[in-house]
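Novice: One file: protein.cif (mmCIF, C-alpha atoms (C1' of nucleotides)).
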```
data_query
loop_
_atom_site.label_atom_id
_atom_site.label_comp_id
_atom_site.auth_asym_id
_atom_site.auth_seq_id
_atom_site.Cartn_x
_atom_site.Cartn_y
_atom_site.Cartn_z
CA MET A 292 0.00 0.00 0.00
CA GLN A 293 1.48 3.32 -1.07
CA THR A 294 0.79 6.24 1.22
CA THR A 295 1.96 8.93 -1.21
CA SER A 296 1.67 8.69 -4.98
CA ARG A 297 4.68 9.48 -7.15
CA LYS A 298 2.81 12.49 -8.49
CA ALA A 299 2.36 13.87 -5.00
CA GLU A 300 6.06 13.34 -4.32
CA ILE A 301 6.98 15.34 -7.41
CA ILE A 302 4.65 18.16 -6.45
CA ALA A 303 6.03 18.24 -2.93
CA LYS A 304 9.63 18.34 -4.10
CA ALA A 305 8.85 20.97 -6.75
CA SER A 306 7.21 23.21 -4.17
CA GLN A 307 10.40 23.21 -2.12
CA LEU A 308 12.38 24.37 -5.13
CA PHE A 309 9.74 26.95 -6.05
CA LYS A 310 10.02 28.38 -2.58
CA GLU A 311 13.78 28.79 -2.89
CA LYS A 312 14.06 30.32 -6.36
CA GLY A 313 10.59 30.99 -7.64
CA TYR A 314 8.63 29.04 -10.25
CA SER A 315 10.26 30.57 -13.34
CA ALA A 316 13.81 29.95 -12.19
CA VAL A 317 13.20 26.25 -11.47
CA THR A 318 13.63 23.95 -14.47
CA MET A 319 12.14 20.55 -15.06
CA ARG A 320 15.70 19.24 -14.92
CA ASP A 321 16.07 20.79 -11.45
CA ILE A 322 12.95 19.01 -10.27
CA ALA A 323 14.03 15.75 -11.84
CA GLN A 324 17.48 15.92 -10.28
CA ALA A 325 15.95 16.55 -6.86
CA MET A 326 13.85 13.42 -7.41
CA GLY A 327 16.86 11.41 -8.55
CA ILE A 328 15.44 10.77 -12.03
CA LYS A 329 15.65 12.30 -15.52
CA ALA A 330 13.49 15.20 -16.64
CA ALA A 331 11.61 13.20 -19.26
CA SER A 332 10.54 10.70 -16.60
CA LEU A 333 8.50 13.36 -14.86
CA TYR A 334 6.04 13.27 -17.72
CA ASN A 335 4.96 9.76 -16.79
CA HIS A 336 3.24 11.35 -13.80
CA ILE A 337 2.38 14.94 -14.63
CA GLU A 338 1.12 16.78 -17.69
CA GLY A 339 3.68 19.57 -17.51
CA LYS A 340 5.35 22.19 -15.40
CA GLN A 341 2.30 24.41 -15.24
CA GLU A 342 0.14 21.61 -13.89
CA ILE A 343 2.41 21.27 -10.87
CA LEU A 344 2.01 24.95 -10.12
CA SER A 345 -1.76 24.93 -10.53
CA ILE A 346 -2.32 21.91 -8.30
CA LEU A 347 -0.08 23.45 -5.67
CA ILE A 348 -1.83 26.80 -5.65
CA LEU A 349 -5.45 25.85 -6.24
CA ASP A 350 -5.47 23.08 -3.63
CA LEU A 351 -4.14 25.52 -1.08
CA ALA A 352 -6.56 28.25 -2.11
CA LYS A 353 -9.42 25.82 -1.61
CA GLU A 354 -8.17 25.11 1.89
CA PHE A 355 -8.35 28.79 2.75
CA THR A 356 -11.78 29.10 1.17
CA SER A 357 -13.27 26.17 3.05
CA GLY A 358 -11.66 27.40 6.25
CA MET A 359 -13.30 30.76 5.73
CA ASP A 360 -16.65 29.13 5.00
CA ALA A 361 -16.51 27.20 8.26
CA ILE A 362 -15.76 30.35 10.21
CA LEU A 363 -18.56 32.29 8.51
CA LYS A 364 -21.04 29.69 9.70
CA MET A 365 -20.06 30.22 13.32
CA LYS A 366 -22.25 32.32 15.59
CA ASN A 367 -19.30 34.11 17.13
CA ALA A 368 -18.77 37.85 17.32
CA PRO A 369 -16.59 39.49 14.61
CA LEU A 370 -13.49 39.71 16.82
CA GLN A 371 -13.66 36.00 17.63
CA LYS A 372 -14.02 35.22 13.93
CA ILE A 373 -10.87 37.22 13.25
CA GLU A 374 -9.08 35.22 15.92
CA LYS A 375 -10.20 32.03 14.21
CA LEU A 376 -8.93 33.33 10.87
CA ILE A 377 -5.53 34.10 12.35
CA GLU A 378 -5.38 30.57 13.75
CA LEU A 379 -6.43 29.17 10.38
CA HIS A 380 -3.53 30.91 8.65
CA ILE A 381 -1.04 29.78 11.27
CA ASP A 382 -2.21 26.17 11.05
CA ILE A 383 -1.95 26.13 7.26
CA THR A 384 1.45 27.83 7.33
CA VAL A 385 2.89 25.27 9.73
CA ASN A 386 1.80 22.40 7.47
CA GLN A 387 2.22 23.90 4.00
CA SER A 388 4.91 26.53 4.15
CA GLU A 389 6.35 25.61 0.73
CA ALA A 390 3.13 25.86 -1.25
CA LEU A 391 2.41 29.24 0.31
CA ALA A 392 5.41 30.74 -1.46
CA ALA A 393 4.02 29.73 -4.84
CA LEU A 394 0.56 30.98 -3.94
CA ASN A 395 1.94 34.35 -2.94
CA ASN A 396 4.49 34.91 -5.68
CA ASP A 397 3.82 32.71 -8.69
CA TRP A 398 0.06 32.57 -9.19
CA MET A 399 0.38 34.73 -12.32
CA HIS A 400 2.30 31.97 -14.08
CA MET A 401 -0.65 29.57 -14.07
CA SER A 402 -2.78 29.17 -17.19
CA GLU A 403 -5.14 32.05 -17.87
CA LYS A 404 -8.14 30.02 -16.83
CA ASP A 405 -6.58 29.01 -13.52
CA VAL A 406 -5.48 32.60 -12.83
CA VAL A 407 -9.07 33.76 -13.26
CA ASP A 408 -10.33 31.10 -10.87
CA PHE A 409 -7.62 31.86 -8.34
CA VAL A 410 -8.11 35.61 -8.36
CA ALA A 411 -11.84 35.12 -7.93
CA MET A 412 -11.26 32.91 -4.91
CA ARG A 413 -8.81 35.35 -3.41
CA GLU A 414 -11.11 38.32 -3.89
CA ALA A 415 -14.00 36.43 -2.35
CA TYR A 416 -11.82 35.52 0.61
CA GLU A 417 -10.72 39.11 1.11
CA GLU A 418 -14.26 40.41 0.75
CA ASN A 419 -15.47 38.02 3.46
CA PHE A 420 -12.62 39.12 5.71
CA ARG A 421 -13.43 42.77 5.03
CA THR A 422 -17.08 42.25 5.90
CA ILE A 423 -16.18 40.71 9.25
CA ILE A 424 -13.94 43.71 10.01
CA LYS A 425 -16.68 46.18 9.08
CA GLU A 426 -19.13 44.36 11.34
CA GLY A 427 -16.60 44.53 14.13
CA ILE A 428 -16.30 48.27 13.70
CA SER A 429 -20.02 48.99 13.42
CA GLN A 430 -20.67 46.87 16.51
CA GLY A 431 -18.07 48.88 18.39
CA GLN A 432 -15.89 45.83 18.97
CA LEU A 433 -13.06 47.22 16.80
CA GLN A 434 -11.49 50.66 16.55
CA PRO A 435 -12.89 52.80 13.70
CA ARG A 436 -9.81 52.59 11.47
CA HIS A 437 -9.89 52.33 7.72
CA PRO A 438 -11.04 48.69 7.18
CA GLU A 439 -8.62 48.27 4.30
CA VAL A 440 -5.68 49.13 6.55
CA ILE A 441 -6.79 46.65 9.18
CA LEU A 442 -7.42 43.95 6.59
CA PHE A 443 -4.03 44.19 4.95
CA SER A 444 -2.07 44.68 8.13
CA ILE A 445 -3.35 41.35 9.33
CA LEU A 446 -3.26 39.59 5.98
CA SER A 447 0.26 40.76 5.13
CA THR A 448 1.62 39.39 8.34
CA LEU A 449 -0.18 36.08 7.96
CA ARG A 450 0.72 35.67 4.30
CA THR A 451 4.44 36.07 4.87
CA LEU A 452 4.54 34.08 8.06
CA TYR A 453 5.91 31.18 6.00
CA LEU A 454 9.11 33.18 5.43
CA TRP A 455 10.26 33.31 9.03
CA TYR A 456 8.33 30.62 10.88
CA GLN A 457 10.96 28.01 10.09
CA LYS A 458 14.26 29.58 10.99
CA ARG A 459 13.18 31.20 14.23
CA GLY A 460 13.89 28.18 16.36
CA LYS A 461 10.66 26.40 15.52
CA LEU A 462 8.50 28.33 17.96
CA ASP A 463 5.83 26.22 19.55
CA VAL A 464 2.64 26.63 17.54
CA ASN A 465 0.44 27.46 20.51
CA LEU A 466 2.95 29.99 21.77
CA LEU A 467 3.11 31.51 18.32
CA LYS A 468 -0.67 31.75 18.12
CA ARG A 469 -0.89 33.41 21.51
CA ASP A 470 1.69 36.08 20.75
CA MET A 471 0.49 36.74 17.22
CA LEU A 472 -3.10 37.13 18.37
CA ALA A 473 -1.94 39.56 21.02
CA VAL A 474 0.21 41.64 18.68
CA LEU A 475 -2.21 41.72 15.76
CA ILE A 476 -5.29 42.45 17.84
CA ARG A 477 -4.18 44.37 20.91
CA GLY A 478 -1.09 46.01 19.40
CA ILE A 479 2.26 46.40 21.03
CA VAL A 480 1.82 49.26 23.53
CA MET B 102 20.27 68.89 -20.25
CA GLN B 103 18.98 65.38 -19.68
CA THR B 104 17.27 64.77 -16.35
CA THR B 105 17.28 60.97 -16.60
CA SER B 106 19.97 58.91 -18.32
CA ARG B 107 19.00 56.20 -20.73
CA LYS B 108 20.38 53.67 -18.27
CA ALA B 109 18.09 54.93 -15.55
CA GLU B 110 15.14 54.72 -17.93
CA ILE B 111 15.91 51.09 -18.68
CA ILE B 112 16.20 50.24 -15.01
CA ALA B 113 12.94 51.99 -14.24
CA LYS B 114 11.09 50.20 -17.02
CA ALA B 115 12.62 46.85 -16.09
CA SER B 116 11.54 47.24 -12.48
CA GLN B 117 7.93 47.63 -13.60
CA LEU B 118 8.12 44.37 -15.51
CA PHE B 119 9.91 42.62 -12.64
CA LYS B 120 7.08 43.64 -10.35
CA GLU B 121 4.48 42.10 -12.65
CA LYS B 122 6.10 38.75 -13.45
CA GLY B 123 9.24 38.45 -11.38
CA TYR B 124 12.84 38.77 -12.54
CA SER B 125 13.25 35.30 -14.03
CA ALA B 126 10.13 35.49 -16.16
CA VAL B 127 11.10 38.83 -17.74
CA THR B 128 13.35 38.54 -20.80
CA MET B 129 15.73 41.10 -22.22
CA ARG B 130 13.44 41.17 -25.25
CA ASP B 131 10.52 42.08 -22.97
CA ILE B 132 12.47 44.99 -21.53
CA ALA B 133 13.59 46.13 -24.96
CA GLN B 134 10.08 46.02 -26.34
CA ALA B 135 8.81 48.09 -23.44
CA MET B 136 11.52 50.63 -24.27
CA GLY B 137 10.64 50.57 -27.97
CA ILE B 138 14.06 49.26 -29.01
CA LYS B 139 15.72 45.92 -29.79
CA ALA B 140 17.22 43.68 -27.13
CA ALA B 141 20.78 44.06 -28.35
CA SER B 142 20.53 47.84 -28.00
CA LEU B 143 20.15 47.51 -24.27
CA TYR B 144 23.79 46.50 -24.05
CA ASN B 145 24.91 49.97 -25.11
CA HIS B 146 23.77 51.09 -21.65
CA ILE B 147 23.95 48.18 -19.26
CA GLU B 148 26.31 45.29 -18.69
CA GLY B 149 23.64 42.64 -18.51
CA LYS B 150 20.36 41.54 -17.01
CA GLN B 151 21.83 40.84 -13.61
CA GLU B 152 23.28 44.34 -13.35
CA ILE B 153 19.79 45.83 -13.65
CA LEU B 154 18.62 43.70 -10.77
CA SER B 155 21.58 44.50 -8.55
CA ILE B 156 21.36 48.26 -9.05
CA LEU B 157 17.64 48.12 -8.34
CA ILE B 158 17.98 46.15 -5.15
CA LEU B 159 21.21 47.47 -3.66
CA ASP B 160 20.30 51.13 -4.18
CA LEU B 161 17.03 50.54 -2.38
CA ALA B 162 18.68 48.55 0.39
CA LYS B 163 21.08 51.44 0.97
CA GLU B 164 18.12 53.78 1.31
CA PHE B 165 16.70 51.63 4.08
CA THR B 166 20.07 51.39 5.76
CA SER B 167 20.74 55.13 5.76
CA GLY B 168 17.18 55.75 6.94
CA MET B 169 17.80 53.39 9.83
CA ASP B 170 21.12 55.06 10.64
CA ALA B 171 19.45 58.46 10.84
CA ILE B 172 16.79 57.13 13.20
CA LEU B 173 19.35 55.43 15.42
CA LYS B 174 21.08 58.76 15.92
CA MET B 175 17.91 60.35 17.30
CA LYS B 176 17.45 60.80 21.03
CA ASN B 177 13.85 59.62 20.92
CA ALA B 178 12.32 56.84 22.97
CA PRO B 179 12.04 53.37 21.36
CA LEU B 180 8.35 53.72 20.51
CA GLN B 181 8.98 57.00 18.70
CA LYS B 182 11.83 55.39 16.77
CA ILE B 183 9.45 52.64 15.68
CA GLU B 184 7.01 55.26 14.49
CA LYS B 185 9.78 56.87 12.46
CA LEU B 186 10.65 53.49 10.95
CA ILE B 187 7.05 52.91 9.90
CA GLU B 188 7.01 56.32 8.26
CA LEU B 189 10.32 55.55 6.54
CA HIS B 190 8.87 52.41 4.98
CA ILE B 191 5.72 54.18 3.87
CA ASP B 192 7.68 57.03 2.27
CA ILE B 193 9.94 54.64 0.38
CA THR B 194 7.00 52.50 -0.72
CA VAL B 195 5.13 55.47 -2.14
CA ASN B 196 8.13 56.49 -4.24
CA GLN B 197 9.66 53.13 -5.14
CA SER B 198 6.93 50.53 -5.17
CA GLU B 199 8.34 48.74 -8.23
CA ALA B 200 11.85 48.20 -6.91
CA LEU B 201 10.44 46.87 -3.64
CA ALA B 202 9.03 43.86 -5.45
CA ALA B 203 12.47 42.88 -6.71
CA LEU B 204 14.03 43.47 -3.31
CA ASN B 205 11.46 41.22 -1.66
CA ASN B 206 11.27 38.41 -4.18
CA ASP B 207 14.28 38.36 -6.48
CA TRP B 208 17.33 39.18 -4.38
CA MET B 209 18.54 35.57 -4.65
CA HIS B 210 19.05 35.99 -8.40
CA MET B 211 21.81 38.57 -7.98
CA SER B 212 25.45 37.55 -8.26
CA GLU B 213 26.78 35.63 -5.29
CA LYS B 214 28.82 38.61 -4.14
CA ASP B 215 25.84 40.97 -4.28
CA VAL B 216 23.64 38.45 -2.46
CA VAL B 217 26.17 38.31 0.37
CA ASP B 218 26.25 42.10 0.63
CA PHE B 219 22.48 42.35 0.51
CA VAL B 220 21.81 39.70 3.12
CA ALA B 221 24.35 41.36 5.42
CA MET B 222 22.57 44.70 5.06
CA ARG B 223 19.19 43.14 5.66
CA GLU B 224 20.34 41.29 8.74
CA ALA B 225 21.94 44.42 10.15
CA TYR B 226 18.72 46.31 9.52
CA GLU B 227 16.63 43.68 11.26
CA GLU B 228 19.05 43.47 14.16
CA ASN B 229 18.81 47.24 14.70
CA PHE B 230 15.04 47.05 14.57
CA ARG B 231 15.06 44.15 17.03
CA THR B 232 17.26 46.08 19.45
CA ILE B 233 14.86 49.03 19.44
CA ILE B 234 11.97 46.69 20.19
CA LYS B 235 13.84 45.04 23.05
CA GLU B 236 14.66 48.44 24.53
CA GLY B 237 11.00 49.38 24.28
CA ILE B 238 10.04 46.26 26.20
CA SER B 239 12.68 46.57 28.91
CA GLN B 240 11.75 50.22 29.43
CA GLY B 241 8.12 49.21 29.83
CA GLN B 242 7.01 51.20 26.80
CA LEU B 243 6.01 48.06 24.88
CA GLN B 244 4.10 44.94 25.88
CA PRO B 245 6.34 42.00 26.82
CA ARG B 246 5.63 39.91 23.72
CA HIS B 247 8.17 37.80 21.88
CA PRO B 248 10.36 40.46 20.13
CA GLU B 249 10.56 38.33 17.01
CA VAL B 250 6.79 38.29 16.68
CA ILE B 251 6.57 42.05 17.04
CA LEU B 252 9.42 42.61 14.60
CA PHE B 253 7.97 40.47 11.85
CA SER B 254 4.39 41.54 12.32
CA ILE B 255 5.45 45.10 11.63
CA LEU B 256 8.03 44.30 8.97
CA SER B 257 5.74 41.94 7.06
CA THR B 258 3.07 44.55 6.78
CA LEU B 259 5.50 47.25 5.72
CA ARG B 260 7.33 45.03 3.24
CA THR B 261 4.19 44.09 1.35
CA LEU B 262 2.62 47.50 1.49
CA TYR B 263 3.74 48.00 -2.11
CA LEU B 264 1.28 45.30 -3.19
CA TRP B 265 -1.89 47.10 -2.23
CA TYR B 266 -0.99 50.76 -1.78
CA GLN B 267 -1.62 51.48 -5.45
CA LYS B 268 -4.99 49.99 -6.22
CA ARG B 269 -6.76 51.05 -3.08
CA GLY B 270 -7.83 54.41 -4.43
CA LYS B 271 -4.48 56.09 -3.83
CA LEU B 272 -5.02 56.76 -0.15
CA ASP B 273 -3.54 60.06 0.96
CA VAL B 274 -0.09 59.38 2.38
CA ASN B 275 -0.64 61.20 5.65
CA LEU B 276 -3.94 59.45 6.18
CA LEU B 277 -2.26 56.14 5.46
CA LYS B 278 0.52 56.86 7.94
CA ARG B 279 -1.95 57.82 10.66
CA ASP B 280 -4.05 54.67 10.28
CA MET B 281 -1.10 52.34 9.89
CA LEU B 282 0.62 53.73 12.95
CA ALA B 283 -2.57 53.26 14.90
CA VAL B 284 -3.18 49.70 13.74
CA LEU B 285 0.40 48.48 14.05
CA ILE B 286 1.07 50.09 17.42
CA ARG B 287 -2.22 50.28 19.26
CA GLY B 288 -3.92 47.29 17.63
CA ILE B 289 -7.48 47.09 16.44
CA VAL B 290 -9.56 46.63 19.60
"C1'" DA C 208 6.64 -18.94 -18.59
"C1'" DA C 209 4.03 -15.21 -20.48
"C1'" DA C 210 1.77 -11.09 -20.11
"C1'" DT C 211 1.07 -6.74 -17.97
"C1'" DC C 212 2.06 -2.28 -16.27
"C1'" DA C 213 4.22 1.44 -13.92
"C1'" DA C 214 8.18 4.02 -14.17
"C1'" DA C 215 12.43 4.68 -15.47
"C1'" DC C 216 15.57 5.54 -19.55
"C1'" DT C 217 18.04 7.70 -24.17
"C1'" DA C 218 17.72 10.82 -27.79
"C1'" DA C 219 16.17 14.58 -29.83
"C1'" DC C 220 13.31 18.68 -31.14
"C1'" DA C 221 11.86 23.47 -31.77
"C1'" DA C 222 11.64 27.55 -29.38
"C1'" DA C 223 13.39 30.94 -26.40
"C1'" DC C 224 17.19 32.59 -23.75
"C1'" DG C 225 21.20 36.14 -22.70
"C1'" DT C 226 24.68 37.96 -25.12
"C1'" DT C 227 28.31 39.39 -28.77
"C1'" DA C 228 30.02 41.44 -33.05
"C1'" DG C 229 29.86 44.45 -36.51
"C1'" DT C 230 27.17 48.09 -38.92
"C1'" DT C 231 24.09 51.98 -39.65
"C1'" DT C 232 21.58 55.87 -38.11
"C1'" DT C 233 21.08 60.23 -35.67
"C1'" DG C 234 22.05 64.41 -33.46
"C1'" DT C 235 25.74 67.74 -32.04
"C1'" DA C 236 30.05 70.17 -32.16
"C1'" DT C 237 33.82 71.69 -34.97
"C1'" DA D 197 30.64 70.10 -44.78
"C1'" DT D 198 33.24 67.00 -41.57
"C1'" DA D 199 34.07 64.59 -37.60
"C1'" DC D 200 32.58 62.41 -33.59
"C1'" DA D 201 30.02 60.01 -30.25
"C1'" DA D 202 25.75 58.09 -28.63
"C1'" DA D 203 22.44 54.86 -29.54
"C1'" DA D 204 20.06 52.40 -32.47
"C1'" DC D 205 20.16 48.41 -35.82
"C1'" DT D 206 20.77 43.28 -38.12
"C1'" DA D 207 22.51 38.87 -37.66
"C1'" DA D 208 24.01 35.33 -35.31
"C1'" DC D 209 26.14 32.48 -31.48
"C1'" DG D 210 25.97 28.77 -28.10
"C1'" DT D 211 22.91 27.33 -24.21
"C1'" DT D 212 19.05 26.19 -21.93
"C1'" DT D 213 14.24 25.53 -21.94
"C1'" DG D 214 9.84 22.47 -21.80
"C1'" DT D 215 8.42 18.70 -24.05
"C1'" DT D 216 7.76 14.40 -27.18
"C1'" DA D 217 8.74 9.77 -29.00
"C1'" DG D 218 10.19 5.45 -28.54
"C1'" DT D 219 12.62 1.97 -25.66
"C1'" DT D 220 14.16 -0.62 -21.57
"C1'" DT D 221 13.82 -2.14 -16.86
"C1'" DG D 222 11.78 -4.51 -13.06
"C1'" DA D 223 8.22 -6.08 -10.33
"C1'" DT D 224 3.58 -8.26 -10.10
"C1'" DT D 225 -0.16 -11.05 -12.00
"C1'" DT D 226 -1.99 -14.57 -14.82
#
```
Would you kindly transcribe this structure into structure tokens?

Specialist:
Amino acid sequence: MQTTSRKAEIIAKASQLFKEKGYSAVTMRDIAQAMGIKAASLYNHIEGKQEILSILILDLAKEFTSGMDAILKMKNAPLQKIEKLIELHIDITVNQSEALAALNNDWMHMSEKDVVDFVAMREAYEENFRTIIKEGISQGQLQPRHPEVILFSILSTLRTLYLWYQKRGKLDVNLLKRDMLAVLIRGIV
Amino acid sequence: MQTTSRKAEIIAKASQLFKEKGYSAVTMRDIAQAMGIKAASLYNHIEGKQEILSILILDLAKEFTSGMDAILKMKNAPLQKIEKLIELHIDITVNQSEALAALNNDWMHMSEKDVVDFVAMREAYEENFRTIIKEGISQGQLQPRHPEVILFSILSTLRTLYLWYQKRGKLDVNLLKRDMLAVLIRGIV
DNA sequence: AAATCAAACTAACAAACGTTAGTTTTGTAT
DNA sequence: ATACAAAACTAACGTTTGTTAGTTTGATTT
């Protein structure tokens, strides 16, 4: 019984390389060498380079979308939903830090159709996040700052978490969540 | 009297393309076409593709470094230094949003020597920032959170500001500074 | 033993890449 | 008009790119 298909192995290895150098700078021969095989052999498992990227990005985007959907269904107050969203990002980052690099930096190199789908998903995600923030403000639970500034302050931090989570001594996840929630929500003063 | 050299024009145009697709995905023919000339003509002005990238990134890195140096010389309290740093990032972003993309995403494609210099500058910058934060905590001006979490929450937001500053209706710079200072320092609750 | 099948291989292609060499054009100063 | 320098051009180069075609290997099933 195989636990991981060869295709999944290729995608996993490719995502590591994409994280290091970016999609465009990684060649099929790079990926093959990292797998210990020849470039042509990759095509027994995948359709092409672009397919690797699309699977990587769209699967991850769906994870964010379904996470958001679950949170929207909750009966919690806006601030508690934001806390859940922060935890969602941290959980995904800890388990998928490689794919996050591609999602952040290389989505524009997917096929046109996949780019359209991805951008739609991302805009829907951001719009849901924005709505929660606006509710928080109108209910007096959040400070009356420009919602866009709040949205992107939080999102920027969460989206680039993958860049420094690793090296910083593998902070305990629960400790990380506690401090990030504190900093992002209550500030630093 | 020419106000901008042809070389500077090429670098400026290239940085726009780098921001859209990343350094590796932009070809010399792309840059030439955007300039309305042929690819070979570029070499009358620049040494090669990598030189464009290095000038772009290292010039910007020096701007951050000298900005940091000026702030370190001030006699202000840590919190006020952090406010100055946030304003520094916002000012640079407003004037150099294209080059910031390359600095964030494509620094690893410079020559080995330039990468070493760049990473050294970045680490020095972060170390200075970290020291200010630690002073703020030990003086009781900042909450006693993990300094690394504070550092990267602020830096992540500032570093990706270039991605959304433009489209969001060209927020007035002073308004942006006010709201970002509030969100990053005093939080959202 | 024969057949099957996944997964590797070798060899090669056409296109695109960064770059070089040598030449022509263009504007400015003599 | 002539000379000069800046900046464009055409043509081509050697590599590298993603990908295809056809073949071989090795394990499992019949």

Novice: Please find the residues of chain B near chain A - the criterion being any atom within 6 Å, counting all atoms listed in the file - and write them as a ChimeraX atom specification.

Specialist: /B:125-126,243-244,254,257-258,286-290

Novice: Pick out the chain B residues within 9 Å of chain D. Count only C-alpha atoms (C1' of nucleotides). Give them as a PyMOL selection string.

Specialist: chain B and resi 138-139+141-142+145-146

Novice: Can I get the selection written as a PDB file, keeping the file's coordinate frame, with C-alpha atoms?

Specialist:
```pdb
ATOM      1  CA  ILE B 138      14.060  49.260 -29.010  1.00  0.00           C
ATOM      2  CA  LYS B 139      15.720  45.920 -29.790  1.00  0.00           C
ATOM      3  CA  ALA B 141      20.780  44.060 -28.350  1.00  0.00           C
ATOM      4  CA  SER B 142      20.530  47.840 -28.000  1.00  0.00           C
ATOM      5  CA  ASN B 145      24.910  49.970 -25.110  1.00  0.00           C
ATOM      6  CA  HIS B 146      23.770  51.090 -21.650  1.00  0.00           C
TER       7      HIS B 146
END
```

Novice: Which residues of chain B have any atom within 9 Å of an atom in chain C when counting all atoms listed in the file, and what is the closest pair of atoms for each, with the distance in Å to one decimal? Order the rows by chain and rising number and write it as JSON lines.

Specialist:
```
{"residue": "B:Thr128", "atom": "CA", "partner": "C:DC224", "partner_atom": "C1'", "distance": 7.7}
{"residue": "B:Met129", "atom": "CA", "partner": "C:DG225", "partner_atom": "C1'", "distance": 7.4}
{"residue": "B:Ala141", "atom": "CA", "partner": "C:DT226", "partner_atom": "C1'", "distance": 7.9}
{"residue": "B:Tyr144", "atom": "CA", "partner": "C:DT226", "partner_atom": "C1'", "distance": 8.7}
{"residue": "B:Gly149", "atom": "CA", "partner": "C:DG225", "partner_atom": "C1'", "distance": 8.1}
{"residue": "B:Lys150", "atom": "CA", "partner": "C:DG225", "partner_atom": "C1'", "distance": 7.9}
```

Novice: How many Å lie between CA of Tyr263 (chain B) and CA of Ser198 (chain B), rounded to one decimal?

Specialist: 5.1 Å

Novice: Please enumerate the residues selected by the PyMOL selection byres ((chain A and resi 358-367) around 10) when evaluated against the supplied file, formatted as a PyMOL selection string.

Specialist: chain A and resi 352-357+368-373+375-376+379-380+383+415-417+419-420+423

Novice: Which value, in Å to one decimal, gives the distance between CA of Glu374 (chain A) and CA of Asn386 (chain A)?

Specialist: 18.8 Å

Novice: Identify the residues around (3.3, 22.2, -2.2) within a radius of 7 Å, measuring from only C-alpha atoms (C1' of nucleotides) in the coordinates stated by the file, and give them as a list in words.

Specialist: Ile302, Ala303, Ser306, Leu347, Gln387, Glu389 and Ala390 of chain A

Novice: For each of A:Ser429, A:Gln324, A:Ser296, A:Gln341, take the minimum atom-to-atom distance to Met401 (chain A), counting only C-alpha atoms, then give the residue where this is smallest.

Specialist: A:Gln341

Novice: Could the centre and edge lengths of an axis-aligned box, enclosing all atoms of region 205-215 of chain D in the file with 6 Å extra on each side, be given in Å to one decimal as JSON?

Specialist:
```
{"center_x": 17.3, "center_y": 33.6, "center_z": -30.0, "size_x": 29.7, "size_y": 41.7, "size_z": 28.3}
```

Novice: Give me, please, the distance in Å between CA of Leu252 (chain B) and CA of Lys458 (chain A), quoted to one decimal.

Specialist: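 Going from CA of Leu252 (chain B) over to CA of Lys458 (chain A), I get 14.4 Å.
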
Novice: If you apply the PyMOL selection byres ((chain A and resi 405) around 12) to this file, what residues do you get, as an mmCIF file with C-alpha atoms, keeping the file's coordinate frame?

Specialist:
```cif
data_model
loop_
_atom_site.group_PDB
_atom_site.id
_atom_site.type_symbol
_atom_site.label_atom_id
_atom_site.label_comp_id
_atom_site.auth_asym_id
_atom_site.auth_seq_id
_atom_site.Cartn_x
_atom_site.Cartn_y
_atom_site.Cartn_z
ATOM 1 C CA GLN A 341 2.300 24.410 -15.240
ATOM 2 C CA GLU A 342 0.140 21.610 -13.890
ATOM 3 C CA LEU A 344 2.010 24.950 -10.120
ATOM 4 C CA SER A 345 -1.760 24.930 -10.530
ATOM 5 C CA ILE A 346 -2.320 21.910 -8.300
ATOM 6 C CA LEU A 347 -0.080 23.450 -5.670
ATOM 7 C CA ILE A 348 -1.830 26.800 -5.650
ATOM 8 C CA LEU A 349 -5.450 25.850 -6.240
ATOM 9 C CA ASP A 350 -5.470 23.080 -3.630
ATOM 10 C CA ALA A 352 -6.560 28.250 -2.110
ATOM 11 C CA TRP A 398 0.060 32.570 -9.190
ATOM 12 C CA MET A 399 0.380 34.730 -12.320
ATOM 13 C CA HIS A 400 2.300 31.970 -14.080
ATOM 14 C CA MET A 401 -0.650 29.570 -14.070
ATOM 15 C CA SER A 402 -2.780 29.170 -17.190
ATOM 16 C CA GLU A 403 -5.140 32.050 -17.870
ATOM 17 C CA LYS A 404 -8.140 30.020 -16.830
ATOM 18 C CA VAL A 406 -5.480 32.600 -12.830
ATOM 19 C CA VAL A 407 -9.070 33.760 -13.260
ATOM 20 C CA ASP A 408 -10.330 31.100 -10.870
ATOM 21 C CA PHE A 409 -7.620 31.860 -8.340
ATOM 22 C CA VAL A 410 -8.110 35.610 -8.360
ATOM 23 C CA ALA A 411 -11.840 35.120 -7.930
ATOM 24 C CA MET A 412 -11.260 32.910 -4.910
#
```
